[in-house]
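Each remark here refers to the structure printed beneath this line.
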Amino acid sequence: MARLGAGLDADYGRARYCKPGAGGKPACRNLDDLEHVLARSRNPDSLLDAWAGWQAIGAPMRDRYTRFVTLANAGARQMGFADAGAMWRAGYDMPPDSFVAVVDKLWEQVRPLYLQLHAYVRSRLVARYGAARVSPNGMLPVHLLGNMWGQDWSNIADLAVPSATGVRAGPDLSAILKARRVTPVQMVRMGERFYTSLGFDSLPATFWERSLFQRPRDRDVVCHASAWYIDDLTDLRVKMCIEPTEDAFRVIHHELGHDFYFRSYKDQPFLYQNGADDGFHEAIGDAIALSVTPRYLVQIGLLAAEPAPAADTLQLLRQALDHVAFLPFGVTIDKWRWEVFAGKVPPAEYTKRWWQLRGSYGGVAPPVARGPTDFDPGAKYHVAGNVPYMRYFLAQVLEFQFYRSLCRAAGHTGPLYRCSYYGSKEAGRRLAAMLQLGASRPWPDALETLTGQREMDATALLDYFQPLMVWLQRQNRGRPVGW
Ligand SMILES: [Zn+2]
């Protein structure tokens, strides 16, 4: 199983899409190249070519993945679980079936918002690509969504955000950072200051000596951002190649969230030195990143004044293209994998079932027919690399739940999305109390410590996007919703 797993993981990392180029010599592109096409091109033929080229890397993995599933299940059964999916679900401190019910409840809460976003984006895609390519009442062709898997639509913000209104969607933080020549280290210092403003201790000197903030000139490194602790939970580091962009600024706050979590539970017994569950660890930094609002940028002197409220809805739309568009994707990866581990899907139908779930939850479809020898799930890293995925869906819900509680602790009034709890010692005290628990208590106890709630609850996400929901419903009036 380890050999198969390592092989699938390595194949994914090495995969290229090659076709005859100039002079008949094969021209090959890696995932970075193809993702760049998906993000930037607006030519449907180029998009289809790049999308289908990458999906094709899955097919050679299918037989090995099938064998991998058999072995993973055998191991899970030896440890007393019905199958490997049940073993994964057992990590959530509740009976596996109850956990499925929790996920389903959260999805039902957010589904109406997703349907409105889907209908609105569909109308913009019809306007751009025509009804022959995008059915006005059907599913969205996945290759037109700006992302290889259709899981994040922020790269098509230029198509989705109406420009005719003349309203800018919020301040351009990337431009501000560039104009002020803010260095990577200064950006990390700003991130650290958010946490110290809440009452956390500043990062140790070793963090600044041993982290990697810039792409080195003399060697190759994996630039995908990550947070680390080495040997013990005081040697904290981050590894990322920081550019002066809004995205990087948010990612810094996200990664530091991992580091401050590591340090907060360092005095727990070894087995409890972990997040309350795997969704919590991702959600901490994201709840901080949500606080990177215009008000916060004013507080730290990067922005002179908050933008007029007229820009708010468009700013929320930009955020929804990331946060809301992701939700059905976040649900379906492990819905599919749980069925596969449970033996409910024969290997010849792996890809068929994958697209059935992507269709029924997200209303997203492949642009060309998929056959029984295709293995499109293998073209997603977390399937080839066998990384559980439901954590990312839970984190999307939890980050808003944490954020709302931290805003309340800070005494915020007014629309939730405008809140920044920067500088609130009370918010910091509540957050620290939860982080210190690590994995020593079941996650509902940890959740209650911060939020007073024992259940995961998507109403905070809905509160946050409420003005957008109203706006989308108005935009969609007279248009079909759903598929
Ligand atoms: Zn993370």
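By convention here, the chains of the structure tokens are called A, B, ... in the order presented, each chain's residues are numbered starting at 1, and ligands are numbered starting at 1 in the order presented.
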
Using only C-alpha atoms and all ligand atoms, find each protein or nucleic acid residue lying at most 12 Å from ligand 1; present the set as number ranges by chain.
A: 224-228, 238-240, 250-259, 261, 275, 278-287, 289, 391-392, 395-396, 399

Dump as a tab-separated table the rows for residues of segment 259-350 of chain A within 7 Å of segment 136-158 of chain A: closest atom pair and distance in Å with one decimal, only C-alpha atoms counted, ordered by chain and rising residue number.
residue	atom	partner	partner_atom	distance
A:Arg318	CA	A:Ala157	CA	6.3
A:Leu321	CA	A:Trp153	CA	4.8
A:Asp322	CA	A:Asp152	CA	4.9
A:Ala325	CA	A:Asp152	CA	6.0
A:Phe326	CA	A:Gln151	CA	4.9
A:Phe329	CA	A:Gln151	CA	5.8

Would you save the residues of that selection, restricted to N, CA and C atoms, as a PDB file, in the first residue's frame?
ATOM      1  N   ARG A 318     -16.571  39.073  -5.067  1.00  0.00           N
ATOM      2  CA  ARG A 318     -15.219  38.544  -5.308  1.00  0.00           C
ATOM      3  C   ARG A 318     -14.885  37.458  -4.291  1.00  0.00           C
ATOM      4  N   LEU A 321     -16.730  34.132  -4.958  1.00  0.00           N
ATOM      5  CA  LEU A 321     -16.202  33.328  -6.064  1.00  0.00           C
ATOM      6  C   LEU A 321     -15.153  32.345  -5.557  1.00  0.00           C
ATOM      7  N   ASP A 322     -14.564  32.646  -4.429  1.00  0.00           N
ATOM      8  CA  ASP A 322     -13.619  31.733  -3.791  1.00  0.00           C
ATOM      9  C   ASP A 322     -14.362  30.889  -2.742  1.00  0.00           C
ATOM     10  N   ALA A 325     -18.128  29.319  -3.959  1.00  0.00           N
ATOM     11  CA  ALA A 325     -18.000  28.390  -5.087  1.00  0.00           C
ATOM     12  C   ALA A 325     -17.353  27.090  -4.647  1.00  0.00           C
ATOM     13  N   PHE A 326     -16.492  27.170  -3.631  1.00  0.00           N
ATOM     14  CA  PHE A 326     -15.769  25.984  -3.188  1.00  0.00           C
ATOM     15  C   PHE A 326     -16.653  24.963  -2.466  1.00  0.00           C
ATOM     16  N   PHE A 329     -17.758  21.606  -4.013  1.00  0.00           N
ATOM     17  CA  PHE A 329     -16.550  20.847  -4.335  1.00  0.00           C
ATOM     18  C   PHE A 329     -15.992  20.209  -3.066  1.00  0.00           C
TER      19      PHE A 329
END

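Take atom CA of Gln214 of chain A and atom CA of Gly423 of chain A: the distance between them is 28.4 Å.
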
Nearest residue to Arg337 of chain A out of A:Arg263, A:Arg111, A:Arg89, A:His412, using only C-alpha atoms?
A:Arg89

I need the strand (DSSP E) residues of segment 123-328 of chain A per DSSP on the backbone, written as a VMD selection string.
chain A and resid 140 to 141 226 to 229 236 to 239

Selection file, N, CA, C and O atoms, as a PDB file, in the first residue's frame:
ATOM      1  N   LEU A 140     -22.655  24.217 -15.371  1.00  0.00           N
ATOM      2  CA  LEU A 140     -21.532  25.033 -15.829  1.00  0.00           C
ATOM      3  C   LEU A 140     -20.434  24.119 -16.380  1.00  0.00           C
ATOM      4  O   LEU A 140     -20.016  23.181 -15.693  1.00  0.00           O
ATOM      5  N   PRO A 141     -19.962  24.384 -17.604  1.00  0.00           N
ATOM      6  CA  PRO A 141     -18.821  23.602 -18.114  1.00  0.00           C
ATOM      7  C   PRO A 141     -17.584  23.919 -17.267  1.00  0.00           C
ATOM      8  O   PRO A 141     -17.203  25.079 -17.130  1.00  0.00           O
ATOM      9  N   SER A 226       3.511  26.874   3.439  1.00  0.00           N
ATOM     10  CA  SER A 226       3.242  25.925   4.522  1.00  0.00           C
ATOM     11  C   SER A 226       3.820  26.461   5.831  1.00  0.00           C
ATOM     12  O   SER A 226       4.673  27.347   5.828  1.00  0.00           O
ATOM     13  N   ALA A 227       3.322  25.919   6.930  1.00  0.00           N
ATOM     14  CA  ALA A 227       3.779  26.324   8.261  1.00  0.00           C
ATOM     15  C   ALA A 227       4.377  25.099   8.942  1.00  0.00           C
ATOM     16  O   ALA A 227       3.890  23.984   8.764  1.00  0.00           O
ATOM     17  N   TRP A 228       5.404  25.309   9.740  1.00  0.00           N
ATOM     18  CA  TRP A 228       6.173  24.189  10.279  1.00  0.00           C
ATOM     19  C   TRP A 228       6.548  24.382  11.730  1.00  0.00           C
ATOM     20  O   TRP A 228       6.682  25.511  12.209  1.00  0.00           O
ATOM     21  N   TYR A 229       6.721  23.249  12.424  1.00  0.00           N
ATOM     22  CA  TYR A 229       7.484  23.279  13.664  1.00  0.00           C
ATOM     23  C   TYR A 229       8.480  22.143  13.559  1.00  0.00           C
ATOM     24  O   TYR A 229       8.183  21.088  12.994  1.00  0.00           O
ATOM     25  N   LEU A 236       9.299  27.419  15.400  1.00  0.00           N
ATOM     26  CA  LEU A 236       8.230  27.626  14.417  1.00  0.00           C
ATOM     27  C   LEU A 236       8.807  28.265  13.164  1.00  0.00           C
ATOM     28  O   LEU A 236       9.712  29.086  13.248  1.00  0.00           O
ATOM     29  N   ARG A 237       8.215  27.899  12.014  1.00  0.00           N
ATOM     30  CA  ARG A 237       8.696  28.485  10.759  1.00  0.00           C
ATOM     31  C   ARG A 237       7.554  28.582   9.759  1.00  0.00           C
ATOM     32  O   ARG A 237       6.553  27.883   9.899  1.00  0.00           O
ATOM     33  N   VAL A 238       7.728  29.408   8.763  1.00  0.00           N
ATOM     34  CA  VAL A 238       6.894  29.312   7.581  1.00  0.00           C
ATOM     35  C   VAL A 238       7.814  29.187   6.375  1.00  0.00           C
ATOM     36  O   VAL A 238       8.979  29.591   6.417  1.00  0.00           O
ATOM     37  N   LYS A 239       7.264  28.587   5.332  1.00  0.00           N
ATOM     38  CA  LYS A 239       7.987  28.466   4.071  1.00  0.00           C
ATOM     39  C   LYS A 239       7.060  28.948   2.979  1.00  0.00           C
ATOM     40  O   LYS A 239       6.048  28.313   2.708  1.00  0.00           O
TER      41      LYS A 239
END

So how far away is atom CA of Gln109 of chain A from atom CA of Leu472 of chain A, in Å?
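Rounded to one decimal, the two atoms are 16.9 Å apart.
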
Point-to-point distance from atom CA of Arg124 of chain A to atom CA of Pro377 of chain A, Å rounded to tenths:
27.8 Å

Could you name the residues that touch Phe270 of chain A at 12 Å or less, counting only C-alpha atoms, but leaving out those on the same chain fewer than 5 positions away, as a PyMOL selection string?
chain A and resi 232-233+262+265+438-440

Could you turn the residues from that selection into a file that holds all heavy atoms, as a compact mmCIF listing (two decimals), in the first residue's frame?
# COMPACT_ATOMS: atom_id res chain seq x y z
N ASP A 232 10.45 20.52 18.30
CA ASP A 232 9.51 20.81 19.36
C ASP A 232 8.64 21.97 18.88
O ASP A 232 8.82 22.50 17.80
CB ASP A 232 10.21 21.13 20.68
CG ASP A 232 11.00 22.41 20.61
OD1 ASP A 232 10.48 23.40 20.06
OD2 ASP A 232 12.14 22.43 21.09
N LEU A 233 7.68 22.36 19.70
CA LEU A 233 6.68 23.30 19.21
C LEU A 233 7.09 24.75 19.46
O LEU A 233 6.27 25.64 19.47
CB LEU A 233 5.33 22.99 19.86
CG LEU A 233 4.79 21.60 19.49
CD1 LEU A 233 3.55 21.25 20.28
CD2 LEU A 233 4.49 21.51 18.01
N PHE A 262 0.23 25.74 16.87
CA PHE A 262 1.29 24.81 17.34
C PHE A 262 1.77 25.24 18.72
O PHE A 262 1.87 24.44 19.65
CB PHE A 262 2.51 24.83 16.41
CG PHE A 262 2.28 24.31 15.01
CD1 PHE A 262 2.97 24.88 13.92
CD2 PHE A 262 1.43 23.26 14.77
CE1 PHE A 262 2.79 24.39 12.64
CE2 PHE A 262 1.24 22.77 13.47
CZ PHE A 262 1.92 23.35 12.41
N TYR A 265 -0.62 24.83 21.92
CA TYR A 265 -0.85 23.53 22.56
C TYR A 265 0.45 22.79 22.89
O TYR A 265 0.45 21.59 23.13
CB TYR A 265 -1.82 22.66 21.76
CG TYR A 265 -1.52 22.37 20.30
CD1 TYR A 265 -0.37 21.67 19.91
CD2 TYR A 265 -2.44 22.72 19.30
CE1 TYR A 265 -0.13 21.36 18.59
CE2 TYR A 265 -2.21 22.42 17.96
CZ TYR A 265 -1.06 21.74 17.61
OH TYR A 265 -0.82 21.43 16.30
N GLY A 438 -5.70 22.20 22.25
CA GLY A 438 -5.19 21.23 21.28
C GLY A 438 -6.25 20.18 21.03
O GLY A 438 -7.43 20.50 20.84
N ALA A 439 -5.83 18.91 21.04
CA ALA A 439 -6.77 17.81 20.81
C ALA A 439 -7.13 17.11 22.12
O ALA A 439 -7.55 15.96 22.12
CB ALA A 439 -6.16 16.81 19.82
N SER A 440 -6.96 17.82 23.25
CA SER A 440 -7.18 17.17 24.55
C SER A 440 -8.66 16.97 24.86
O SER A 440 -9.01 16.20 25.76
CB SER A 440 -6.54 18.01 25.66
OG SER A 440 -7.20 19.26 25.80

Using DSSP on the backbone coordinates, identify the residues of segment 140-236 of chain A assigned to alpha helix (DSSP H); present them as a PyMOL selection string.
chain A and resi 157-160+173-179+184-197+205-210

Based on the selection just made, write N, CA, C and O atoms of those residues as a short mmCIF file (atom, residue, chain, number, x, y, z; two decimals), in the first residue's frame.
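The result, written out as part_27.cif:
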data_model
loop_
_atom_site.label_atom_id
_atom_site.label_comp_id
_atom_site.auth_asym_id
_atom_site.auth_seq_id
_atom_site.Cartn_x
_atom_site.Cartn_y
_atom_site.Cartn_z
N ALA A 157 -13.20 36.56 -12.03
CA ALA A 157 -13.86 37.76 -11.45
C ALA A 157 -14.07 38.82 -12.53
O ALA A 157 -15.06 39.56 -12.50
N ASP A 158 -13.14 38.89 -13.49
CA ASP A 158 -13.30 39.90 -14.56
C ASP A 158 -14.58 39.66 -15.36
O ASP A 158 -15.18 40.61 -15.86
N LEU A 159 -15.01 38.40 -15.49
CA LEU A 159 -16.26 38.10 -16.19
C LEU A 159 -17.46 38.28 -15.27
O LEU A 159 -18.53 38.69 -15.70
N ALA A 160 -17.27 37.96 -14.00
CA ALA A 160 -18.41 37.89 -13.09
C ALA A 160 -18.77 39.23 -12.46
O ALA A 160 -19.95 39.51 -12.23
N LEU A 173 -5.23 46.11 -2.59
CA LEU A 173 -4.13 45.94 -1.64
C LEU A 173 -2.82 45.62 -2.35
O LEU A 173 -1.75 46.07 -1.94
N SER A 174 -2.91 44.83 -3.41
CA SER A 174 -1.68 44.49 -4.15
C SER A 174 -0.98 45.76 -4.63
O SER A 174 0.24 45.90 -4.52
N ALA A 175 -1.77 46.71 -5.17
CA ALA A 175 -1.19 47.96 -5.67
C ALA A 175 -0.56 48.76 -4.53
O ALA A 175 0.51 49.36 -4.68
N ILE A 176 -1.24 48.76 -3.37
CA ILE A 176 -0.72 49.51 -2.21
C ILE A 176 0.63 48.92 -1.77
O ILE A 176 1.59 49.64 -1.54
N LEU A 177 0.69 47.59 -1.70
CA LEU A 177 1.92 46.93 -1.24
C LEU A 177 3.06 47.21 -2.20
O LEU A 177 4.21 47.44 -1.79
N LYS A 178 2.75 47.19 -3.49
CA LYS A 178 3.80 47.45 -4.49
C LYS A 178 4.25 48.91 -4.43
O LYS A 178 5.45 49.20 -4.45
N ALA A 179 3.27 49.83 -4.35
CA ALA A 179 3.60 51.26 -4.35
C ALA A 179 4.46 51.61 -3.15
O ALA A 179 5.37 52.45 -3.24
N PRO A 184 8.91 41.32 1.76
CA PRO A 184 8.31 40.10 2.33
C PRO A 184 8.41 40.07 3.85
O PRO A 184 7.45 39.73 4.54
N VAL A 185 9.57 40.41 4.40
CA VAL A 185 9.72 40.37 5.86
C VAL A 185 8.76 41.36 6.52
O VAL A 185 8.13 41.05 7.54
N GLN A 186 8.63 42.55 5.94
CA GLN A 186 7.70 43.53 6.51
C GLN A 186 6.27 43.01 6.48
O GLN A 186 5.49 43.24 7.41
N MET A 187 5.92 42.27 5.41
CA MET A 187 4.57 41.70 5.34
C MET A 187 4.36 40.67 6.45
O MET A 187 3.29 40.61 7.08
N VAL A 188 5.37 39.85 6.71
CA VAL A 188 5.24 38.86 7.78
C VAL A 188 5.16 39.56 9.14
O VAL A 188 4.41 39.15 10.02
N ARG A 189 5.94 40.63 9.30
CA ARG A 189 5.88 41.42 10.55
C ARG A 189 4.46 41.96 10.79
O ARG A 189 3.98 41.99 11.91
N MET A 190 3.83 42.41 9.71
CA MET A 190 2.45 42.90 9.84
C MET A 190 1.53 41.76 10.28
O MET A 190 0.66 41.95 11.13
N GLY A 191 1.74 40.58 9.71
CA GLY A 191 0.93 39.44 10.11
C GLY A 191 1.14 39.10 11.58
O GLY A 191 0.18 38.91 12.33
N GLU A 192 2.40 39.08 12.00
CA GLU A 192 2.72 38.80 13.40
C GLU A 192 2.03 39.82 14.31
O GLU A 192 1.50 39.48 15.38
N ARG A 193 2.02 41.09 13.86
CA ARG A 193 1.45 42.14 14.70
C ARG A 193 -0.04 41.94 14.92
O ARG A 193 -0.60 42.37 15.93
N PHE A 194 -0.72 41.28 13.95
CA PHE A 194 -2.13 40.99 14.19
C PHE A 194 -2.28 40.10 15.42
O PHE A 194 -3.10 40.35 16.31
N TYR A 195 -1.45 39.08 15.48
CA TYR A 195 -1.56 38.12 16.59
C TYR A 195 -1.11 38.77 17.91
O TYR A 195 -1.73 38.57 18.95
N THR A 196 -0.02 39.54 17.88
CA THR A 196 0.43 40.18 19.13
C THR A 196 -0.59 41.21 19.59
O THR A 196 -0.76 41.42 20.79
N SER A 197 -1.33 41.82 18.65
CA SER A 197 -2.36 42.79 19.06
C SER A 197 -3.47 42.10 19.84
O SER A 197 -4.18 42.73 20.61
N ALA A 205 13.08 34.53 17.88
CA ALA A 205 14.11 34.97 16.94
C ALA A 205 14.38 33.89 15.89
O ALA A 205 14.63 34.20 14.72
N THR A 206 14.29 32.61 16.30
CA THR A 206 14.59 31.53 15.34
C THR A 206 13.60 31.54 14.17
O THR A 206 13.94 31.13 13.07
N PHE A 207 12.35 32.01 14.42
CA PHE A 207 11.39 32.07 13.32
C PHE A 207 11.94 32.95 12.20
O PHE A 207 11.86 32.59 11.02
N TRP A 208 12.51 34.08 12.58
CA TRP A 208 13.00 35.03 11.57
C TRP A 208 14.29 34.56 10.93
O TRP A 208 14.57 34.85 9.77
N GLU A 209 15.07 33.76 11.68
CA GLU A 209 16.34 33.27 11.13
C GLU A 209 16.13 32.07 10.20
O GLU A 209 16.87 31.89 9.25
N ARG A 210 15.11 31.25 10.49
CA ARG A 210 15.04 29.94 9.84
C ARG A 210 13.91 29.80 8.84
O ARG A 210 13.82 28.80 8.13
#

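Restricting the calculation to only C-alpha atoms, the smallest distance between Asp49 of chain A and any of A:Leu71, A:Val368, A:Ser291, A:Gly91 is found for A:Val368.
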
With a cut-off of 8 Å, could you pull out the residues of segment 347-406 of chain A touching segment 459-467 of chain A and give me the nearest pair of atoms for each, distance in Å to one decimal, using only C-alpha atoms, ordered by chain and ascending number, as a Markdown table?
| residue | atom | partner | partner_atom | distance |
| --- | --- | --- | --- | --- |
| A:Val397 | CA | A:Leu461 | CA | 6.6 |
| A:Phe400 | CA | A:Leu461 | CA | 5.2 |
| A:Gln401 | CA | A:Ala460 | CA | 5.2 |
| A:Arg404 | CA | A:Ala460 | CA | 6.2 |

Residues from last step as file, N, CA, C and O atoms, as a PDB file, in the first residue's frame:
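Result file is part33.pdb:
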ATOM      1  N   VAL A 397     -16.634  26.422   6.752  1.00  0.00           N
ATOM      2  CA  VAL A 397     -17.752  26.748   7.643  1.00  0.00           C
ATOM      3  C   VAL A 397     -17.224  27.312   8.960  1.00  0.00           C
ATOM      4  O   VAL A 397     -17.683  28.348   9.449  1.00  0.00           O
ATOM      5  N   PHE A 400     -15.825  31.088   9.379  1.00  0.00           N
ATOM      6  CA  PHE A 400     -16.817  32.153   9.554  1.00  0.00           C
ATOM      7  C   PHE A 400     -17.433  32.101  10.952  1.00  0.00           C
ATOM      8  O   PHE A 400     -17.738  33.139  11.541  1.00  0.00           O
ATOM      9  N   GLN A 401     -17.596  30.886  11.449  1.00  0.00           N
ATOM     10  CA  GLN A 401     -18.141  30.721  12.805  1.00  0.00           C
ATOM     11  C   GLN A 401     -17.158  31.314  13.838  1.00  0.00           C
ATOM     12  O   GLN A 401     -17.569  32.045  14.743  1.00  0.00           O
ATOM     13  N   ARG A 404     -17.134  35.228  13.426  1.00  0.00           N
ATOM     14  CA  ARG A 404     -18.288  35.915  14.011  1.00  0.00           C
ATOM     15  C   ARG A 404     -18.156  36.001  15.533  1.00  0.00           C
ATOM     16  O   ARG A 404     -18.431  37.051  16.124  1.00  0.00           O
TER      17      ARG A 404
END

Counting only C-alpha atoms, the residue of A:Gly414, A:Gly13, A:Gly385, A:Pro44 that sits nearest Arg133 of chain A:
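Among the listed residues, A:Pro44 lies closest to Arg133 of chain A.
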